[in-house]
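*Asks:* This one is query.txt, compact mmCIF, C-alpha atoms.
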```txt
# COMPACT_ATOMS: atom_id res chain seq x y z
CA MET A 27 -24.10 28.19 23.50
CA SER A 28 -21.47 25.68 22.42
CA VAL A 29 -21.58 21.97 21.77
CA PRO A 30 -19.51 19.88 24.22
CA ILE A 31 -16.58 18.09 22.57
CA VAL A 32 -15.40 14.68 23.74
CA ARG A 33 -12.23 13.01 22.46
CA SER A 34 -11.95 9.68 24.30
CA VAL A 35 -13.99 6.49 24.24
CA ALA A 36 -13.93 6.37 28.04
CA GLN A 37 -15.42 9.83 28.44
CA LEU A 38 -17.97 9.20 25.72
CA ARG A 39 -19.14 6.00 27.39
CA GLN A 40 -19.39 7.73 30.76
CA ILE A 41 -21.73 10.35 29.26
CA VAL A 42 -23.76 7.76 27.36
CA ALA A 43 -24.15 5.65 30.52
CA ALA A 44 -25.60 8.66 32.34
CA TRP A 45 -28.01 9.26 29.46
CA ARG A 46 -29.04 5.62 29.55
CA GLY A 47 -29.80 6.03 33.22
CA GLU A 48 -32.29 8.72 32.24
CA GLY A 49 -33.97 6.33 29.79
CA VAL A 50 -33.39 8.52 26.74
CA ARG A 51 -33.06 7.54 23.08
CA ILE A 52 -29.71 8.30 21.44
CA ALA A 53 -28.88 9.03 17.80
CA VAL A 54 -25.52 9.25 16.07
CA VAL A 55 -24.64 11.18 12.92
CA PRO A 56 -21.21 10.05 11.66
CA THR A 57 -19.24 12.66 9.68
CA MET A 58 -15.71 13.49 8.59
CA GLY A 59 -16.28 17.18 9.20
CA VAL A 60 -16.46 20.00 6.62
CA LEU A 61 -20.13 20.15 7.52
CA HIS A 62 -22.62 21.51 4.99
CA GLU A 63 -26.39 21.72 4.86
CA GLY A 64 -26.63 18.03 3.95
CA HIS A 65 -24.96 17.05 7.22
CA LEU A 66 -27.01 19.57 9.17
CA SER A 67 -30.22 18.13 7.73
CA LEU A 68 -29.21 14.76 9.21
CA VAL A 69 -28.68 16.39 12.61
CA ARG A 70 -32.11 18.06 12.44
CA ALA A 71 -33.73 14.75 11.53
CA ALA A 72 -31.91 13.04 14.40
CA LEU A 73 -33.08 15.70 16.86
CA GLU A 74 -36.67 15.05 15.83
CA LYS A 75 -36.39 11.33 16.53
CA ALA A 76 -34.02 11.05 19.50
CA ASP A 77 -33.60 12.71 22.89
CA ARG A 78 -29.82 13.00 22.58
CA VAL A 79 -27.79 13.44 19.40
CA ILE A 80 -24.09 12.68 19.03
CA VAL A 81 -22.33 14.02 15.94
CA THR A 82 -19.01 12.33 15.26
CA LEU A 83 -16.10 14.03 13.53
CA PHE A 84 -13.32 11.70 12.50
CA VAL A 85 -11.32 11.82 9.29
CA ASN A 86 -10.90 8.10 8.87
CA PRO A 87 -7.51 7.19 7.37
CA LYS A 88 -8.65 3.64 6.64
CA GLN A 89 -11.13 4.74 3.98
CA PHE A 90 -8.62 6.73 1.92
CA ASN A 91 -6.93 4.72 -0.80
CA ASN A 92 -5.00 7.83 -1.83
CA GLN A 93 -2.77 9.24 0.90
CA ALA A 94 -2.52 12.57 -0.90
CA ASP A 95 -6.30 12.96 -0.54
CA LEU A 96 -6.03 12.22 3.17
CA ALA A 97 -3.24 14.75 3.63
CA ALA A 98 -5.25 17.40 1.76
CA TYR A 99 -8.50 16.79 3.65
CA PRO A 100 -9.37 19.98 5.53
CA SER A 101 -9.59 20.25 9.31
CA THR A 102 -12.66 22.31 10.22
CA GLU A 103 -13.52 21.32 13.78
CA ASP A 104 -14.06 24.87 15.07
CA GLU A 105 -16.29 25.80 12.14
CA ASP A 106 -18.21 22.54 12.42
CA ALA A 107 -18.81 22.98 16.14
CA ALA A 108 -20.10 26.49 15.49
CA LYS A 109 -22.58 25.15 12.92
CA LEU A 110 -23.82 22.45 15.30
CA ALA A 111 -24.32 24.64 18.37
CA PRO A 112 -27.47 26.50 17.26
CA LEU A 113 -29.11 23.25 16.14
CA GLY A 114 -28.99 21.81 19.65
CA ALA A 115 -26.73 18.81 19.05
CA HIS A 116 -25.81 17.40 22.44
CA LEU A 117 -22.26 16.18 21.82
CA LEU A 118 -19.46 16.32 19.26
CA TYR A 119 -17.30 13.21 19.45
CA ALA A 120 -13.95 13.99 17.84
CA PRO A 121 -11.35 11.30 18.58
CA ASP A 122 -7.92 11.30 16.97
CA ALA A 123 -6.49 8.39 15.00
CA GLU A 124 -4.64 6.99 18.01
CA GLU A 125 -7.85 6.86 20.02
CA MET A 126 -9.78 5.16 17.25
CA TYR A 127 -6.99 2.83 16.13
CA PRO A 128 -4.67 2.23 19.10
CA ALA A 129 -1.36 0.43 18.83
CA ALA A 130 -1.67 -3.17 17.58
CA PHE A 131 -5.14 -2.55 16.14
CA ALA A 132 -5.64 -5.51 13.81
CA THR A 133 -9.32 -5.86 12.90
CA THR A 134 -11.05 -5.01 9.63
CA VAL A 135 -14.77 -5.26 8.94
CA SER A 136 -15.54 -6.22 5.35
CA VAL A 137 -19.02 -6.44 3.82
CA SER A 138 -19.23 -8.37 0.56
CA GLY A 139 -21.94 -8.02 -2.03
CA VAL A 140 -23.13 -4.43 -1.64
CA SER A 141 -19.52 -3.15 -1.50
CA GLU A 142 -18.68 -4.63 -4.90
CA GLY A 143 -18.76 -2.59 -8.08
CA LEU A 144 -19.80 1.08 -8.31
CA CYS A 145 -17.53 3.09 -5.97
CA GLY A 146 -16.06 -0.13 -4.63
CA ALA A 147 -14.52 -0.88 -8.01
CA PHE A 148 -12.69 2.45 -8.16
CA ARG A 149 -11.76 2.92 -4.49
CA PRO A 150 -10.10 -0.32 -3.31
CA GLY A 151 -10.27 -0.76 0.45
CA HIS A 152 -12.53 2.25 0.90
CA PHE A 153 -15.61 0.38 2.05
CA ASP A 154 -13.63 -1.85 4.42
CA GLY A 155 -12.49 1.37 6.07
CA VAL A 156 -16.05 2.69 6.20
CA ALA A 157 -17.47 -0.52 7.65
CA THR A 158 -14.71 -0.74 10.27
CA VAL A 159 -15.02 2.81 11.55
CA VAL A 160 -18.82 2.89 11.50
CA ALA A 161 -19.00 -0.39 13.42
CA LYS A 162 -16.69 1.12 16.04
CA LEU A 163 -18.74 4.32 16.22
CA PHE A 164 -21.95 2.35 16.69
CA LEU A 165 -20.39 0.34 19.52
CA GLN A 166 -18.72 3.34 21.14
CA THR A 167 -21.87 5.48 21.15
CA SER A 168 -24.38 2.67 21.83
CA ALA A 169 -26.80 4.70 19.73
CA ASP A 170 -30.37 3.59 19.04
CA PHE A 171 -30.41 5.31 15.64
CA GLY A 172 -27.81 6.07 12.98
CA PHE A 173 -28.54 8.77 10.39
CA PHE A 174 -27.07 8.61 6.88
CA GLY A 175 -27.73 10.52 3.69
CA GLU A 176 -28.98 8.78 0.56
CA LYS A 177 -26.47 10.61 -1.64
CA ASP A 178 -23.87 8.02 -0.64
CA PHE A 179 -26.32 5.23 -1.36
CA GLN A 180 -23.81 2.39 -1.63
CA GLN A 181 -22.38 3.42 1.73
CA LEU A 182 -25.89 3.53 3.22
CA GLN A 183 -26.62 -0.02 2.08
CA LEU A 184 -23.22 -1.22 3.29
CA VAL A 185 -23.90 0.20 6.76
CA ARG A 186 -27.35 -1.39 6.85
CA HIS A 187 -25.96 -4.82 5.97
CA MET A 188 -23.04 -4.49 8.40
CA ALA A 189 -25.27 -3.59 11.36
CA ARG A 190 -27.69 -6.41 10.53
CA ASP A 191 -25.00 -9.04 10.05
CA LEU A 192 -23.15 -8.13 13.25
CA ASP A 193 -26.36 -7.90 15.32
CA ILE A 194 -25.63 -4.32 16.32
CA PRO A 195 -28.87 -3.06 17.93
CA ILE A 196 -29.27 0.14 15.95
CA THR A 197 -31.88 1.39 13.49
CA ILE A 198 -30.40 2.95 10.35
CA VAL A 199 -32.39 5.99 9.26
CA PRO A 200 -31.89 7.09 5.63
CA CYS A 201 -32.38 10.77 4.80
CA PRO A 202 -33.05 12.32 1.37
CA THR A 203 -30.26 13.91 -0.63
CA VAL A 204 -30.07 17.66 -0.09
CA ARG A 205 -29.51 19.64 -3.29
CA GLU A 206 -28.50 23.11 -4.39
CA ALA A 207 -31.13 25.24 -6.13
CA ASP A 208 -29.98 23.95 -9.52
CA GLY A 209 -30.17 20.30 -8.44
CA LEU A 210 -26.51 19.56 -7.68
CA ALA A 211 -26.23 17.24 -4.69
CA LEU A 212 -24.55 18.92 -1.73
CA SER A 213 -21.03 17.63 -1.13
CA SER A 214 -17.89 18.90 0.54
CA ARG A 215 -16.23 18.27 -2.84
CA ASN A 216 -18.33 20.96 -4.54
CA VAL A 217 -16.02 23.68 -3.22
CA ARG A 218 -13.26 22.24 -5.41
CA LEU A 219 -15.15 23.14 -8.59
CA SER A 220 -13.99 26.19 -10.52
CA PRO A 221 -16.66 28.76 -11.42
CA ALA A 222 -16.79 27.39 -14.97
CA GLU A 223 -17.11 23.82 -13.70
CA ARG A 224 -19.76 24.80 -11.18
CA ALA A 225 -21.78 26.38 -13.98
CA VAL A 226 -22.14 23.00 -15.72
CA ALA A 227 -22.09 20.69 -12.69
CA HIS A 228 -25.89 20.65 -12.47
CA LYS A 229 -26.04 18.82 -15.79
CA LEU A 230 -25.19 15.57 -13.97
CA PRO A 231 -28.36 15.46 -11.82
CA SER A 232 -30.37 16.84 -14.73
CA VAL A 233 -29.35 13.96 -16.98
CA LEU A 234 -29.79 11.49 -14.14
CA LEU A 235 -33.35 12.61 -13.39
CA GLY A 236 -34.30 12.69 -17.05
CA THR A 237 -32.91 9.18 -17.54
CA ALA A 238 -34.79 7.90 -14.51
CA GLU A 239 -38.03 9.32 -15.90
CA ARG A 240 -37.44 7.65 -19.26
CA LEU A 241 -36.71 4.31 -17.64
CA ALA A 242 -39.83 4.58 -15.48
CA ARG A 243 -41.86 5.13 -18.65
CA GLY A 244 -40.50 1.92 -20.13
CA SER A 245 -37.50 2.97 -22.22
CA PRO A 246 -35.06 0.08 -22.77
CA VAL A 247 -32.36 0.13 -20.13
CA LEU A 248 -29.09 -0.37 -21.99
CA PRO A 249 -29.70 2.09 -24.88
CA THR A 250 -31.09 4.66 -22.46
CA LEU A 251 -28.02 4.43 -20.23
CA ALA A 252 -25.74 4.75 -23.27
CA GLU A 253 -27.54 7.94 -24.30
CA ALA A 254 -27.22 9.28 -20.76
CA ARG A 255 -23.47 8.65 -20.71
CA ALA A 256 -23.10 10.54 -23.98
CA ALA A 257 -25.16 13.46 -22.61
CA ILE A 258 -23.02 13.70 -19.44
CA LEU A 259 -19.81 13.82 -21.47
CA ALA A 260 -21.31 16.33 -23.88
CA ALA A 261 -22.19 18.55 -20.91
CA GLY A 262 -18.50 18.91 -20.04
CA TYR A 263 -17.71 16.00 -17.71
CA ARG A 264 -14.39 14.44 -18.67
CA GLU A 265 -14.92 10.86 -17.46
CA ILE A 266 -17.72 8.62 -16.25
CA GLU A 267 -16.66 5.94 -13.80
CA TYR A 268 -20.07 4.32 -13.80
CA LEU A 269 -23.70 4.94 -14.64
CA GLU A 270 -25.66 1.87 -13.61
CA LEU A 271 -29.11 0.63 -12.74
CA ARG A 272 -29.02 -1.40 -9.53
CA ASP A 273 -31.51 -3.20 -7.32
CA GLU A 274 -32.37 -0.80 -4.51
CA ALA A 275 -32.19 -3.45 -1.78
CA ASP A 276 -29.00 -5.36 -2.57
CA LEU A 277 -27.39 -3.32 -5.38
CA ARG A 278 -27.38 -6.18 -7.83
CA PRO A 279 -27.05 -4.99 -11.47
CA MET A 280 -30.31 -4.78 -13.41
CA THR A 281 -30.96 -4.80 -17.14
CA SER A 282 -34.73 -4.42 -16.86
CA LEU A 283 -36.82 -2.35 -14.53
CA ASP A 284 -38.82 -5.09 -12.85
CA ARG A 285 -38.40 -4.02 -9.20
CA PRO A 286 -37.52 -0.86 -7.22
CA ALA A 287 -34.16 0.39 -8.41
CA ARG A 288 -31.54 3.08 -8.05
CA LEU A 289 -29.79 4.79 -10.91
CA LEU A 290 -26.29 5.62 -9.67
CA VAL A 291 -23.49 7.66 -11.23
CA ALA A 292 -19.94 8.76 -10.53
CA ALA A 293 -18.27 11.19 -12.92
CA TRP A 294 -15.28 13.52 -13.03
CA LEU A 295 -15.67 17.22 -13.73
CA GLY A 296 -12.16 18.56 -14.11
CA GLY A 297 -10.30 17.25 -11.05
CA THR A 298 -13.41 16.69 -8.94
CA ARG A 299 -15.24 13.39 -8.60
CA LEU A 300 -19.00 13.76 -8.10
CA ILE A 301 -21.53 11.06 -7.25
CA ASP A 302 -25.32 11.04 -7.29
CA ASN A 303 -28.28 8.68 -7.47
CA VAL A 304 -32.05 8.71 -7.89
CA ARG A 305 -34.73 6.22 -7.04
CA ILE A 306 -36.88 4.56 -9.68
CA SER A 307 -39.99 2.82 -8.38
CA GLY A 308 -42.58 0.68 -10.06
CA VAL A 309 -42.71 -2.78 -11.56
CA LEU A 310 -41.94 -2.44 -15.25
CA THR A 311 -40.06 -4.28 -17.94
CA GLY A 312 -37.87 -2.71 -20.54
```
Can you give me the file's structure in the form of structure tokens?
*Replies:*
Amino acid sequence: MSVPIVRSVAQLRQIVAAWRGEGVRIAVVPTMGVLHEGHLSLVRAALEKADRVIVTLFVNPKQFNNQADLAAYPSTEDEDAAKLAPLGAHLLYAPDAEEMYPAAFATTVSVSGVSEGLCGAFRPGHFDGVATVVAKLFLQTSADFGFFGEKDFQQLQLVRHMARDLDIPITIVPCPTVREADGLALSSRNVRLSPAERAVAHKLPSVLLGTAERLARGSPVLPTLAEARAAILAAGYREIEYLELRDEADLRPMTSLDRPARLLVAAWLGGTRLIDNVRISGVLTG
């Protein structure tokens, strides 16, 4: 059994129209390929909620602020299709750049607020590219549900705000971060780690979880975050881009734990940038 692959908007819409005629519910799982268990968990969740599931595969040039990274991004369509087939995904939508951004394309979707700071501060233009392509994918697929992992939490919140603000009739479904046995969040970037780097990579989620527990128990925020930064660097990470406590709903910075929050981090281990986050609930002060 293989998953059908569609490459044009016209063909996609023809298939979706037929599905709509059957009265089915449709889900979309946007990806850039190089599928791992984290992506596949989204597909499984989508299959539980919807009657038809579209997985998209598009390496979006507009969200790369480094052209060398774009050029080096692997093409794994055959492998990805093989991973999707046994799950029962109904369609793989894999347009090329010309199909997604035809000649004279001149529109950019930008979401302020939640896109500022964190990854947005270190990847200029990235979230405009994400918002633009995801808006197009939502409109092209006419999906009822969109599935996104919580590992990219800033992206998840950006997509939620974009769909709400543009009145796109889709329900965003967040899915828990999938982790390796030692706690490292699954990411296509993990394959870039050397064996020595991989041996210490798990220290990032370990420190993150320990810090979240301390904050939930009432430890003061700023000193606790400073200690966490020192622990991450001591573990072998060469640089921390950010380690911040943010409001879970709108990603505003927080200096006291007085509402549900996320502790978010981005750090470099050798030449690999890793991100992670954990939820902290409760109404505390500190």
*Asks:* Quick one: pull the distance between atom CA of Ala261 of chain A and atom CA of Gly296 of chain A, Å, one decimal.
*Replies:* 12.1 Å
*Asks:* Could you state the separation of atom CA of Glu223 of chain A and atom CA of Tyr263 of chain A in Å, given to one decimal place?
*Replies:*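 Distance between the two atoms: 8.8 Å.
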*Asks:* Choose the residue, out of A:Val233, A:Leu251, A:Ala238, A:Val217, that has the smallest atom-to-atom separation from Gly297 of chain A; count only C-alpha atoms.
*Replies:*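 The shortest atom-to-atom distance to Gly297 of chain A comes from A:Val217.
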*Asks:* Would you be able to write out as a ChimeraX atom specification which residues have an atom within 6 Å of (-29.8, 20.9, 16.2) in the file's coordinates, counting only C-alpha atoms?
*Replies:* /A:69-70,113-115
*Asks:* Could those residues be written to a file, using C-alpha atoms, as a PDB file, in the coordinates of the input?
*Replies:*
```pdb
ATOM      1  CA  VAL A  69     -28.680  16.390  12.610  1.00  0.00           C
ATOM      2  CA  ARG A  70     -32.110  18.060  12.440  1.00  0.00           C
ATOM      3  CA  LEU A 113     -29.110  23.250  16.140  1.00  0.00           C
ATOM      4  CA  GLY A 114     -28.990  21.810  19.650  1.00  0.00           C
ATOM      5  CA  ALA A 115     -26.730  18.810  19.050  1.00  0.00           C
TER       6      ALA A 115
END
```
*Asks:* Counting only C-alpha atoms, which residue out of A:Ala147, A:Ile306, A:Ile194, A:Ala242 sits closest to Ala292 of chain A?
*Replies:* A:Ala147
*Asks:* At most 10 Å from (-28.5, -2.1, -4.3), file frame, only C-alpha atoms: which residues, as a list in words?
*Replies:*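 The requested residues, written out, are Gly139, Val140, Ser141, Phe179, Gln180, Leu182, Gln183, Leu184, Leu271, Arg272, Asp273, Glu274, Ala275, Asp276, Leu277, Arg278, Pro279, Met280, Pro286, Ala287, Arg288, Leu289 and Leu290 of chain A.
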*Asks:* Residues within 9 Å of segment 228-232 of chain A, please, as a ChimeraX atom specification. Count all atoms listed in the file; anything in the same chain fewer than 5 positions from it doesn't count.
*Replies:* /A:206,208-211,237,257-258,261-263,291,293,300-304
*Asks:* Tell me which of A:Ser282, A:Asn86, A:Ser220, A:Ser213 sits closest to Val60 of chain A, counting only C-alpha atoms.
*Replies:*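 Selected residue with least distance to Val60 of chain A: A:Ser213.
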*Asks:* Wanna dump the segment 127-192 of chain A-segment 27-42 of chain A contacts at 10 Å for me, each residue with its shortest atom pair and the distance in Å to one decimal, counting only C-alpha atoms, ordered by chain and number, as CSV?
*Replies:*
```
residue,atom,partner,partner_atom,distance
A:Leu163,CA,A:Val35,CA,9.6
A:Leu165,CA,A:Arg39,CA,9.8
A:Gln166,CA,A:Val35,CA,6.5
A:Thr167,CA,A:Arg39,CA,6.8
A:Ser168,CA,A:Val42,CA,7.5
A:Ala169,CA,A:Val42,CA,8.8
```
*Asks:* Between A:Ala98, A:Cys145, A:Val204, A:Ala161, which has the minimum distance to Leu269 of chain A (counting only C-alpha atoms)?
*Replies:*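 Using only C-alpha atoms, Leu269 of chain A sits closest to A:Cys145.
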*Asks:* Between atom CA of Val54 of chain A and atom CA of Val199 of chain A, measure the distance and give it in Å to one decimal.
*Replies:*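 Atom-to-atom, atom CA of Val54 of chain A to atom CA of Val199 of chain A, that is 10.2 Å.
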*Asks:* Would you please work out which residue, of A:Ile196, A:Ala123, A:Leu241, A:Ala97, is nearest to Ala53 of chain A when using all atoms listed in the file?
*Replies:*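 For Ala53 of chain A, the nearest of the candidates is A:Ile196.
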*Asks:* Check the smallest atom-to-atom distance from each of A:Ile52, A:Val79, A:Ser214, A:Tyr127 to Tyr99 of chain A using all atoms listed in the file, then report the winner.
*Replies:*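 Nearest candidate to Tyr99 of chain A out of A:Ile52, A:Val79, A:Ser214, A:Tyr127: A:Ser214.
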*Asks:* Step by step, gather every atom of segment 191-199 of chain A that the file lists, find the box along x, y and z that holds them, add 6 Å on each side, and finally give centre and edge lengths in Å to one decimal, as AutoDock Vina command-line options.
*Replies:*
```
--center_x -27.8 --center_y -1.5 --center_z 13.6 --size_x 21.2 --size_y 27.0 --size_z 20.7
```
*Asks:* Please provide as a tab-separated table (two decimals) with C-alpha atoms, in the coordinates of the input all residues within 12 Å of Thr133 of chain A, with the sequence filter that same-chain residues fewer than 3 positions apart are discarded (counting all atoms listed in the file).
*Replies:*
```tsv
chain	number	residue	atom	x	y	z
A	88	LYS	CA	-8.65	3.64	6.64
A	126	MET	CA	-9.78	5.16	17.25
A	127	TYR	CA	-6.99	2.83	16.13
A	128	PRO	CA	-4.67	2.23	19.10
A	129	ALA	CA	-1.36	0.43	18.83
A	130	ALA	CA	-1.67	-3.17	17.58
A	136	SER	CA	-15.54	-6.22	5.35
A	154	ASP	CA	-13.63	-1.85	4.42
A	155	GLY	CA	-12.49	1.37	6.07
A	157	ALA	CA	-17.47	-0.52	7.65
A	158	THR	CA	-14.71	-0.74	10.27
A	159	VAL	CA	-15.02	2.81	11.55
A	161	ALA	CA	-19.00	-0.39	13.42
A	162	LYS	CA	-16.69	1.12	16.04
```
*Asks:* Need to verify the contact set: Thr82 of chain A, 9 Å, only C-alpha atoms, exclusion of same-chain residues closer than 5 positions in sequence. Can you return it as a count of residues only?
*Replies:* 12
